[in-house]
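Engineer: Just upload-v1.cif, nothing more (mmCIF, C-alpha atoms and all ligand atoms):
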```
data_data
loop_
_atom_site.label_atom_id
_atom_site.label_comp_id
_atom_site.auth_asym_id
_atom_site.auth_seq_id
_atom_site.Cartn_x
_atom_site.Cartn_y
_atom_site.Cartn_z
CA MET A 62 7.76 -25.60 26.36
CA SER A 63 11.09 -25.77 28.19
CA HIS A 64 12.44 -22.87 30.24
CA SER A 65 15.01 -22.14 27.59
CA ASP A 66 12.37 -22.06 24.81
CA THR A 67 10.22 -19.70 26.90
CA HIS A 68 13.25 -17.52 27.53
CA ALA A 69 14.24 -17.52 23.85
CA SER A 70 10.77 -16.49 22.71
CA LEU A 71 10.51 -13.74 25.31
CA ASP A 72 13.99 -12.51 24.43
CA SER A 73 13.13 -12.32 20.75
CA LEU A 74 9.76 -10.64 21.46
CA ILE A 75 11.44 -7.93 23.54
CA ARG A 76 13.92 -7.27 20.73
CA LYS A 77 11.18 -7.35 18.12
CA ARG A 78 9.11 -4.56 19.73
CA LYS A 79 9.93 -1.35 17.98
CA THR A 80 8.54 2.11 17.51
CA GLU A 81 6.57 2.46 14.28
CA LYS A 82 5.43 6.05 13.80
CA ILE A 83 2.86 6.11 11.03
CA LEU A 84 1.51 9.38 9.69
CA LEU A 85 -1.43 9.97 7.37
CA ASP A 86 -3.39 13.03 6.31
CA PRO A 87 -6.72 12.94 8.23
CA ASP A 88 -8.55 13.69 4.99
CA GLN A 89 -7.18 10.46 3.47
CA SER A 90 -8.05 8.27 6.42
CA CYS A 91 -8.83 4.67 5.76
CA PRO A 92 -11.19 3.02 8.31
CA LEU A 93 -10.84 -0.64 9.30
CA GLU A 94 -13.55 -3.06 8.28
CA ALA A 95 -16.07 -3.55 11.11
CA ALA A 96 -14.97 -7.15 11.80
CA GLN A 97 -11.29 -6.13 11.88
CA SER A 98 -12.04 -3.28 14.25
CA ARG A 99 -14.02 -5.58 16.58
CA ARG A 100 -11.26 -8.18 16.61
CA LEU A 101 -8.62 -5.54 17.31
CA ALA A 102 -10.68 -4.21 20.22
CA GLU A 103 -10.93 -7.75 21.65
CA TRP A 104 -7.18 -8.20 21.38
CA ILE A 105 -6.57 -4.84 23.04
CA TYR A 106 -8.87 -5.71 25.96
CA GLU A 107 -7.33 -9.17 26.37
CA ASP A 108 -3.81 -7.75 26.28
CA LEU A 109 -4.64 -4.96 28.73
CA MET A 110 -5.97 -7.57 31.16
CA THR A 111 -2.71 -9.50 30.94
CA ALA A 112 -0.58 -6.33 30.97
CA GLY A 113 -2.28 -5.48 34.27
CA TRP A 114 -0.27 -8.31 35.88
CA ALA A 115 2.58 -5.80 36.09
CA PRO A 116 3.93 -5.28 39.61
CA PHE A 117 2.73 -2.29 41.62
CA HIS A 118 3.98 -1.26 45.04
CA TYR A 119 1.23 0.96 46.48
CA PRO A 120 -2.47 0.34 45.91
CA ARG A 121 -4.06 3.55 44.70
CA ASP A 122 -7.56 2.50 45.87
CA ILE A 123 -9.63 4.88 43.77
CA GLU A 124 -13.18 3.73 42.98
CA GLY A 125 -12.31 0.41 44.60
CA LEU A 126 -9.43 -0.20 42.16
CA ALA A 127 -6.00 -0.96 43.52
CA GLU A 128 -4.11 -0.26 40.28
CA PRO A 129 -2.30 3.08 39.95
CA TRP A 130 -3.03 3.28 36.19
CA ARG A 131 -5.98 3.53 33.81
CA ALA A 132 -6.31 2.70 30.10
CA HIS A 133 -8.68 4.60 27.81
CA VAL A 134 -9.26 2.77 24.53
CA LEU A 135 -10.19 4.65 21.34
CA LYS A 136 -11.27 2.50 18.39
CA ASP A 137 -10.77 3.86 14.88
CA SER A 138 -14.40 5.02 14.86
CA VAL A 139 -13.20 7.61 17.40
CA THR A 140 -9.59 8.21 16.29
CA GLN A 141 -10.71 9.16 12.76
CA PRO A 142 -13.05 11.98 13.86
CA LEU A 143 -10.46 12.95 16.48
CA ALA A 144 -7.83 13.31 13.73
CA LYS A 145 -10.16 15.54 11.70
CA HIS A 146 -11.03 17.61 14.79
CA LEU A 147 -7.33 18.16 15.56
CA LYS A 148 -6.62 19.13 11.95
CA HIS A 149 -9.66 21.22 11.02
CA GLU A 150 -11.04 22.68 14.25
CA LEU A 151 -7.85 23.06 16.27
CA GLU A 152 -5.74 23.61 13.13
CA LEU A 153 -2.79 21.74 14.60
CA SER A 154 0.36 21.45 12.54
CA SER A 155 1.95 18.90 14.91
CA LYS A 156 2.02 15.16 14.21
CA GLU A 157 -0.89 14.11 16.47
CA PRO A 158 -3.62 14.60 13.80
CA LEU A 159 -1.55 12.49 11.39
CA LEU A 160 -0.86 9.77 13.96
CA CYS A 161 -4.54 9.60 14.93
CA ALA A 162 -5.52 9.33 11.26
CA ALA A 163 -3.06 6.51 10.56
CA CYS A 164 -3.61 4.35 13.63
CA SER A 165 -6.03 1.44 13.87
CA ALA A 166 -6.65 2.17 17.57
CA LEU A 167 -5.25 4.39 20.29
CA VAL A 168 -4.80 3.49 23.94
CA LEU A 169 -4.25 6.38 26.34
CA VAL A 170 -2.59 5.13 29.51
CA THR A 171 -2.72 7.42 32.51
CA TRP A 172 -1.30 7.16 36.01
CA LEU A 173 -2.92 8.44 39.16
CA PRO A 174 -0.76 10.83 41.19
CA GLU A 175 -1.41 11.40 44.88
CA SER A 176 -1.42 14.94 46.17
CA ALA A 177 -1.65 16.66 49.54
CA PRO A 178 -2.16 20.29 50.54
CA ASP A 179 0.92 22.53 50.03
CA ASP A 180 1.19 23.06 53.80
CA CYS A 181 1.27 19.32 54.60
CA GLY A 182 4.94 19.45 55.60
CA GLU A 183 8.16 18.46 53.87
CA LEU A 184 8.21 14.90 55.18
CA LEU A 185 4.74 14.01 53.87
CA GLN A 186 5.48 15.78 50.57
CA GLN A 187 8.66 13.73 50.17
CA LYS A 188 6.80 10.51 50.97
CA LEU A 189 4.15 11.38 48.36
CA ASN A 190 6.82 12.14 45.76
CA GLU A 191 8.35 8.72 46.39
CA ARG A 192 4.96 7.00 46.11
CA ASN A 193 4.20 8.91 42.90
CA GLN A 194 7.50 7.82 41.37
CA GLU A 195 6.54 4.24 42.15
CA HIS A 196 3.01 4.64 40.73
CA LEU A 197 4.60 5.93 37.53
CA ALA A 198 7.16 3.10 37.46
CA ALA A 199 4.40 0.51 37.91
CA ALA A 200 2.27 2.07 35.15
CA SER A 201 5.31 2.00 32.83
CA ALA A 202 5.76 -1.73 33.51
CA MET A 203 2.12 -2.25 32.52
CA VAL A 204 2.66 -0.29 29.29
CA GLN A 205 5.69 -2.36 28.29
CA ASN A 206 3.78 -5.60 28.99
CA PHE A 207 1.00 -4.36 26.73
CA LEU A 208 3.39 -3.35 23.93
CA LEU A 209 5.02 -6.78 24.01
CA LEU A 210 1.67 -8.56 23.83
CA GLN A 211 0.55 -6.38 20.91
CA THR A 212 3.91 -7.04 19.19
CA ALA A 213 3.33 -10.78 19.62
CA ARG A 214 0.10 -10.28 17.65
CA GLU A 215 2.16 -8.70 14.84
CA LEU A 216 0.57 -5.30 15.47
CA GLY A 217 2.64 -2.13 15.04
CA THR A 218 3.02 0.05 18.12
CA TYR A 219 4.28 3.50 19.00
CA TRP A 220 4.60 4.86 22.57
CA SER A 221 4.24 8.63 22.30
CA SER A 222 4.16 11.19 25.11
CA GLY A 223 0.93 12.38 23.51
CA GLY A 224 1.52 16.06 22.69
CA ILE A 225 -1.84 17.81 22.72
CA LEU A 226 -3.56 14.64 23.99
CA LYS A 227 -2.04 15.42 27.42
CA GLU A 228 -3.90 18.69 27.69
CA GLU A 229 -6.90 19.30 29.95
CA ARG A 230 -9.12 20.38 27.04
CA MET A 231 -8.52 17.02 25.34
CA PHE A 232 -9.10 15.09 28.61
CA ASN A 233 -12.43 16.91 28.89
CA LYS A 234 -13.33 16.01 25.31
CA LEU A 235 -12.46 12.35 25.89
CA GLY A 236 -14.07 12.07 29.33
CA ILE A 237 -10.79 11.42 31.13
CA PRO A 238 -10.69 12.80 34.70
CA THR A 239 -8.13 15.60 34.96
CA SER A 240 -6.83 14.02 38.19
CA GLU A 241 -5.15 11.48 35.90
CA LYS A 242 -1.88 12.21 34.07
CA LEU A 243 -1.09 10.91 30.60
CA LEU A 244 1.84 8.50 30.61
CA ALA A 245 1.52 7.04 27.14
CA ALA A 246 -0.42 7.54 23.96
CA LEU A 247 -0.11 4.10 22.37
CA PHE A 248 -0.80 4.14 18.66
CA ILE A 249 -1.66 0.64 17.43
CA GLN A 250 -1.46 -0.38 13.81
CA VAL A 251 -2.96 -3.34 11.99
CA PRO A 252 -0.31 -4.22 9.36
CA GLY A 253 -1.16 -3.79 5.70
CA HIS A 254 -4.37 -1.85 6.22
CA LEU A 255 -3.26 1.53 4.82
CA ASP A 256 -2.97 2.28 1.12
CA GLY A 257 0.70 3.29 0.89
CA THR A 258 0.18 7.07 1.07
CA GLU A 259 1.22 7.04 4.71
CA GLN A 260 4.65 8.09 5.98
CA ARG A 261 6.57 5.73 8.28
CA LYS A 262 9.33 6.63 10.73
CA PRO A 263 11.33 4.50 13.16
CA GLY A 264 12.12 5.49 16.74
CA ALA A 265 14.80 8.20 16.79
CA HIS A 266 17.04 6.31 19.25
CA ARG A 267 16.40 2.75 18.08
CA ASN A 268 20.03 2.04 17.17
CA ARG A 269 21.75 3.94 19.96
CA ARG A 270 21.74 1.02 22.39
CA SER A 271 24.80 -0.34 24.15
CA MET A 272 25.56 -2.45 27.21
CA ASP A 273 27.70 0.27 28.77
CA TRP A 274 24.98 1.09 31.29
CA VAL A 275 25.58 -2.20 33.14
CA ARG A 276 28.14 -2.26 35.92
CA GLU A 277 29.06 -4.96 38.36
CA ILE A 278 29.67 -3.96 41.95
CA GLN A 279 32.60 -6.12 43.04
CA ALA A 280 33.14 -4.97 46.57
CA LEU A 281 31.81 -2.58 49.19
CA SER A 282 33.54 0.72 49.44
CA LEU A 283 34.18 0.99 53.15
CA SER A 284 35.07 4.44 54.39
C1 LIG A 301 7.93 7.51 27.89
C2 LIG A 301 8.20 7.52 26.41
C3 LIG A 301 7.73 8.58 25.66
C4 LIG A 301 8.00 8.65 24.28
N1 LIG A 301 7.54 9.71 23.58
C5 LIG A 301 7.89 9.85 22.29
C6 LIG A 301 7.46 11.00 21.57
O1 LIG A 301 6.68 11.82 22.09
N2 LIG A 301 7.90 11.14 20.30
C7 LIG A 301 8.72 10.21 19.70
O2 LIG A 301 9.09 10.40 18.54
N3 LIG A 301 9.08 9.06 20.34
C8 LIG A 301 8.69 8.88 21.62
N4 LIG A 301 9.03 7.73 22.31
C9 LIG A 301 9.63 6.60 21.56
C10 LIG A 301 11.13 6.65 21.53
O3 LIG A 301 11.58 7.64 20.64
C11 LIG A 301 11.65 5.27 21.08
O4 LIG A 301 11.29 4.31 22.03
C12 LIG A 301 13.16 5.27 20.92
O5 LIG A 301 13.54 6.03 19.80
C13 LIG A 301 13.75 3.86 20.73
O6 LIG A 301 13.18 3.25 19.59
P1 LIG A 301 12.46 1.82 19.71
O7 LIG A 301 11.22 2.03 20.55
O8 LIG A 301 12.14 1.43 18.30
O9 LIG A 301 13.42 0.89 20.37
C14 LIG A 301 8.76 7.63 23.67
C15 LIG A 301 9.19 6.53 24.44
C16 LIG A 301 8.91 6.48 25.78
C17 LIG A 301 9.38 5.30 26.60
#
```
For the structure just supplied, provide its representation as structure tokens.
Structural biologist:
Amino acid sequence: MSHSDTHASLDSLIRKRKTEKILLDPDQSCPLEAAQSRRLAEWIYEDLMTAGWAPFHYPRDIEGLAEPWRAHVLKDSVTQPLAKHLKHELELSSKEPLLCAACSALVLVTWLPESAPDDCGELLQQKLNERNQEHLAAASAMVQNFLLLQTARELGTYWSSGGILKEERMFNKLGIPTSEKLLAALFIQVPGHLDGTEQRKPGAHRNRRSMDWVREIQALSLS
């Protein structure tokens, strides 16, 4: 493949990725067939491994791992009971129970902030804030890589902030250390697997894009 073909396919993949919010009543949930669920899990693991080639500035070095992010994968055998738990036990009226019921898998991506004692001094605190911003930036690059790879597999994706899934009580339920912070709840959808009773919504800002945020610096301003 020539450079220009590679560029053209990457360009079209980036433009093809879009938010697909899919909502379904947890009591109408529709599990994947076992083989489909296994194949989706394989794709998710493969794509996370590739997504992990995102750049990162500072090694986080927790449990021998340099990466400043983690990914927690929930297959539909877990998202379905989670949806029912959110609806019936926690009696949530937000969209998370519906999103969990509709998705084919959910990937919770966290980032790993660094902290120091409050009395560590302003300079160290500032340095840590800068490092944390870069950990978060690196984790976001990993997320976008993953979304593009899943889009290339014709899977639907939705990057959500996570709502209740960010909360400590949910981290405890899912075995996620509370030292991690949720960056993205990635709802993944196998196309054509629901029965039509679901609701579908696009990203709210999908068509608000422009090029007006690009500016060329033509000369130094010398004062
Ligand atoms: C960090 C981040 C968090 C987001 N959280 C939410 C969310 O909680 N709810 C929501 O409706 N959309 C959320 N979105 C998706 C945006 O609404 C969506 O990307 C935007 O409308 C543009 O649409 P597109 O993704 O189809 O281009 C989030 C996107 C990002 C990058």
Engineer: Compile the contact shell of Pro252 of chain A as a list in words: residues with an atom at most 7 Å away, counting only C-alpha atoms, same-chain residues fewer than 2 positions apart removed.
Structural biologist: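 These residues fall inside the cut-off: Leu216, Gly217, Gln250 and His254 of chain A.
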Engineer: How many Å separate atom CA of Ala115 of chain A from atom CA of Gln205 of chain A?
Structural biologist: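 Those two atoms sit 9.1 Å apart.
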Engineer: Ligand LIG 301 (chain A): which residues are within 9 Å, counting all atoms listed in the file, as a PDB file with C-alpha atoms, in the frame of the given file?
Structural biologist:
```pdb
ATOM      1  CA  ARG A  76      13.920  -7.270  20.730  1.00  0.00           C
ATOM      2  CA  LYS A  77      11.180  -7.350  18.120  1.00  0.00           C
ATOM      3  CA  ARG A  78       9.110  -4.560  19.730  1.00  0.00           C
ATOM      4  CA  LYS A  79       9.930  -1.350  17.980  1.00  0.00           C
ATOM      5  CA  THR A  80       8.540   2.110  17.510  1.00  0.00           C
ATOM      6  CA  GLU A  81       6.570   2.460  14.280  1.00  0.00           C
ATOM      7  CA  LYS A  82       5.430   6.050  13.800  1.00  0.00           C
ATOM      8  CA  SER A 201       5.310   2.000  32.830  1.00  0.00           C
ATOM      9  CA  GLN A 205       5.690  -2.360  28.290  1.00  0.00           C
ATOM     10  CA  THR A 218       3.020   0.050  18.120  1.00  0.00           C
ATOM     11  CA  TYR A 219       4.280   3.500  19.000  1.00  0.00           C
ATOM     12  CA  TRP A 220       4.600   4.860  22.570  1.00  0.00           C
ATOM     13  CA  SER A 221       4.240   8.630  22.300  1.00  0.00           C
ATOM     14  CA  SER A 222       4.160  11.190  25.110  1.00  0.00           C
ATOM     15  CA  GLY A 223       0.930  12.380  23.510  1.00  0.00           C
ATOM     16  CA  GLY A 224       1.520  16.060  22.690  1.00  0.00           C
ATOM     17  CA  LEU A 244       1.840   8.500  30.610  1.00  0.00           C
ATOM     18  CA  ALA A 245       1.520   7.040  27.140  1.00  0.00           C
ATOM     19  CA  ALA A 246      -0.420   7.540  23.960  1.00  0.00           C
ATOM     20  CA  LYS A 262       9.330   6.630  10.730  1.00  0.00           C
ATOM     21  CA  PRO A 263      11.330   4.500  13.160  1.00  0.00           C
ATOM     22  CA  GLY A 264      12.120   5.490  16.740  1.00  0.00           C
ATOM     23  CA  ALA A 265      14.800   8.200  16.790  1.00  0.00           C
ATOM     24  CA  HIS A 266      17.040   6.310  19.250  1.00  0.00           C
ATOM     25  CA  ARG A 267      16.400   2.750  18.080  1.00  0.00           C
ATOM     26  CA  ASN A 268      20.030   2.040  17.170  1.00  0.00           C
ATOM     27  CA  ARG A 269      21.750   3.940  19.960  1.00  0.00           C
ATOM     28  CA  ARG A 270      21.740   1.020  22.390  1.00  0.00           C
TER      29      ARG A 270
END
```
Engineer: Using only C-alpha atoms, which protein or nucleic acid residues come within 7 Å of Thr140 of chain A? Drop anything in the same chain fewer than 5 positions from it, and give the result as a list in words.
Structural biologist: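 The neighbour list is Leu135, Cys161, Ala162 and Ala166 of chain A.
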Engineer: Restricting the calculation to all atoms listed in the file, which member of A:Met231, A:Leu283, A:Val275, A:Ala213 is positioned closest to Leu74 of chain A?
Structural biologist: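 Ranked by minimum distance to Leu74 of chain A, first place goes to A:Ala213.
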Engineer: Rounded to one decimal place, report the atom CA of Leu153 of chain A-atom CA of Arg230 of chain A distance in Å.
Structural biologist: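 Calculated distance between atom CA of Leu153 of chain A and atom CA of Arg230 of chain A is 14.0 Å.
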Engineer: What gap, in Å, lies between atom CA of Asp88 of chain A and atom CA of Lys145 of chain A?
Structural biologist: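 Between atom CA of Asp88 of chain A and atom CA of Lys145 of chain A the gap works out to 7.1 Å.
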Engineer: Which residues come within 12 Å of Gln194 of chain A, counting only C-alpha atoms, excluding same-chain residues fewer than 3 positions away, as a PyMOL selection string?
Structural biologist: chain A and resi 117-119+129+172-175+187-191+197-201
Engineer: Using only C-alpha atoms, can you tell me which of A:Ser282, A:Ser240, A:Gln141, A:Thr258 comes closest to Pro158 of chain A?
Structural biologist: A:Gln141
Engineer: Nearest to Val139 of chain A among A:Ser154, A:Thr171, A:Gln279, A:Ser98, with distances taken over only C-alpha atoms: which residue is it?
Structural biologist: A:Ser98
Engineer: Of the candidates A:Asp66, A:Asp108, A:Glu241, A:Glu277, which shows the shortest atom-to-atom distance to Leu169 of chain A, using all atoms listed in the file?
Structural biologist: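 Of all the options, A:Glu241 lies closest to Leu169 of chain A.
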Engineer: Within 10 Å of (-8.1, 12.0, 12.6), in the coordinates the file gives, what residues turn up when you count all atoms listed in the file, written out as a list in words?
Structural biologist: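 Within 10 Å of (-8.1, 12.0, 12.6), the protein and nucleic acid residues are Leu85, Asp86, Pro87, Asp88, Gln89, Ser90, Asp137, Ser138, Val139, Thr140, Gln141, Pro142, Leu143, Ala144, Lys145, His146, Leu147, Lys148, His149, Glu157, Pro158, Leu159, Leu160, Cys161, Ala162, Ala163 and Cys164 of chain A.
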Engineer: Find the residue from A:His133, A:Arg121, A:His68, A:Arg99 that sits nearest to Pro238 of chain A; use all atoms listed in the file when measuring.
Structural biologist: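 Distance minimum relative to Pro238 of chain A lands on A:His133.
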Engineer: Between A:Trp104, A:Trp130, A:Trp274, A:Trp114, which one has atoms that come closest to Val251 of chain A, using only C-alpha atoms?
Structural biologist: A:Trp104
Engineer: Applying 7 Å and all atoms listed in the file, which residues near Leu167 of chain A remain after dropping the ones on its own chain fewer than 6 positions away? List them as an mmCIF file with C-alpha atoms, in the frame of the given file.
Structural biologist:
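Done, and the output landed in result_14.cif:
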```cif
data_model
loop_
_atom_site.group_PDB
_atom_site.id
_atom_site.type_symbol
_atom_site.label_atom_id
_atom_site.label_comp_id
_atom_site.auth_asym_id
_atom_site.auth_seq_id
_atom_site.Cartn_x
_atom_site.Cartn_y
_atom_site.Cartn_z
ATOM 1 C CA VAL A 134 -9.260 2.770 24.530
ATOM 2 C CA LEU A 135 -10.190 4.650 21.340
ATOM 3 C CA LYS A 136 -11.270 2.500 18.390
ATOM 4 C CA ALA A 246 -0.420 7.540 23.960
ATOM 5 C CA LEU A 247 -0.110 4.100 22.370
ATOM 6 C CA PHE A 248 -0.800 4.140 18.660
ATOM 7 C CA ILE A 249 -1.660 0.640 17.430
#
```
Engineer: As a PDB file, keeping the file's coordinate frame, please: segment 135-150 of chain A completed to N, CA and C atoms.
Structural biologist:
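See rebuild_22.pdb below for the written result:
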```
ATOM      1  N   LEU A 135      -9.475   3.956  22.420  1.00  0.00           N
ATOM      2  CA  LEU A 135     -10.190   4.650  21.340  1.00  0.00           C
ATOM      3  C   LEU A 135     -10.101   3.778  20.089  1.00  0.00           C
ATOM      4  N   LYS A 136     -11.268   3.270  19.639  1.00  0.00           N
ATOM      5  CA  LYS A 136     -11.270   2.500  18.390  1.00  0.00           C
ATOM      6  C   LYS A 136     -11.141   3.464  17.220  1.00  0.00           C
ATOM      7  N   ASP A 137     -10.978   2.940  16.007  1.00  0.00           N
ATOM      8  CA  ASP A 137     -10.770   3.860  14.880  1.00  0.00           C
ATOM      9  C   ASP A 137     -12.027   4.660  14.558  1.00  0.00           C
ATOM     10  N   SER A 138     -13.184   4.211  15.051  1.00  0.00           N
ATOM     11  CA  SER A 138     -14.400   5.020  14.860  1.00  0.00           C
ATOM     12  C   SER A 138     -14.320   6.311  15.677  1.00  0.00           C
ATOM     13  N   VAL A 139     -13.397   6.382  16.607  1.00  0.00           N
ATOM     14  CA  VAL A 139     -13.200   7.610  17.400  1.00  0.00           C
ATOM     15  C   VAL A 139     -11.901   8.324  16.987  1.00  0.00           C
ATOM     16  N   THR A 140     -10.855   7.544  16.660  1.00  0.00           N
ATOM     17  CA  THR A 140      -9.590   8.210  16.290  1.00  0.00           C
ATOM     18  C   THR A 140      -9.724   8.971  14.966  1.00  0.00           C
ATOM     19  N   GLN A 141     -10.569   8.470  14.066  1.00  0.00           N
ATOM     20  CA  GLN A 141     -10.710   9.160  12.760  1.00  0.00           C
ATOM     21  C   GLN A 141     -11.352  10.536  12.935  1.00  0.00           C
ATOM     22  N   PRO A 142     -12.506  10.631  13.617  1.00  0.00           N
ATOM     23  CA  PRO A 142     -13.050  11.980  13.860  1.00  0.00           C
ATOM     24  C   PRO A 142     -12.135  12.845  14.724  1.00  0.00           C
ATOM     25  N   LEU A 143     -11.404  12.198  15.649  1.00  0.00           N
ATOM     26  CA  LEU A 143     -10.460  12.950  16.480  1.00  0.00           C
ATOM     27  C   LEU A 143      -9.377  13.581  15.591  1.00  0.00           C
ATOM     28  N   ALA A 144      -8.861  12.797  14.646  1.00  0.00           N
ATOM     29  CA  ALA A 144      -7.830  13.310  13.730  1.00  0.00           C
ATOM     30  C   ALA A 144      -8.348  14.522  12.962  1.00  0.00           C
ATOM     31  N   LYS A 145      -9.582  14.425  12.480  1.00  0.00           N
ATOM     32  CA  LYS A 145     -10.160  15.540  11.700  1.00  0.00           C
ATOM     33  C   LYS A 145     -10.383  16.751  12.595  1.00  0.00           C
ATOM     34  N   HIS A 146     -10.823  16.515  13.836  1.00  0.00           N
ATOM     35  CA  HIS A 146     -11.030  17.610  14.790  1.00  0.00           C
ATOM     36  C   HIS A 146      -9.701  18.341  15.042  1.00  0.00           C
ATOM     37  N   LEU A 147      -8.644  17.558  15.264  1.00  0.00           N
ATOM     38  CA  LEU A 147      -7.330  18.160  15.560  1.00  0.00           C
ATOM     39  C   LEU A 147      -6.839  18.964  14.347  1.00  0.00           C
ATOM     40  N   LYS A 148      -7.101  18.437  13.159  1.00  0.00           N
ATOM     41  CA  LYS A 148      -6.620  19.130  11.950  1.00  0.00           C
ATOM     42  C   LYS A 148      -7.488  20.357  11.626  1.00  0.00           C
ATOM     43  N   HIS A 149      -8.808  20.165  11.574  1.00  0.00           N
ATOM     44  CA  HIS A 149      -9.660  21.220  11.020  1.00  0.00           C
ATOM     45  C   HIS A 149     -10.145  22.207  12.057  1.00  0.00           C
ATOM     46  N   GLU A 150     -10.528  21.723  13.256  1.00  0.00           N
ATOM     47  CA  GLU A 150     -11.040  22.680  14.250  1.00  0.00           C
ATOM     48  C   GLU A 150      -9.908  23.300  15.054  1.00  0.00           C
TER      49      GLU A 150
END
```
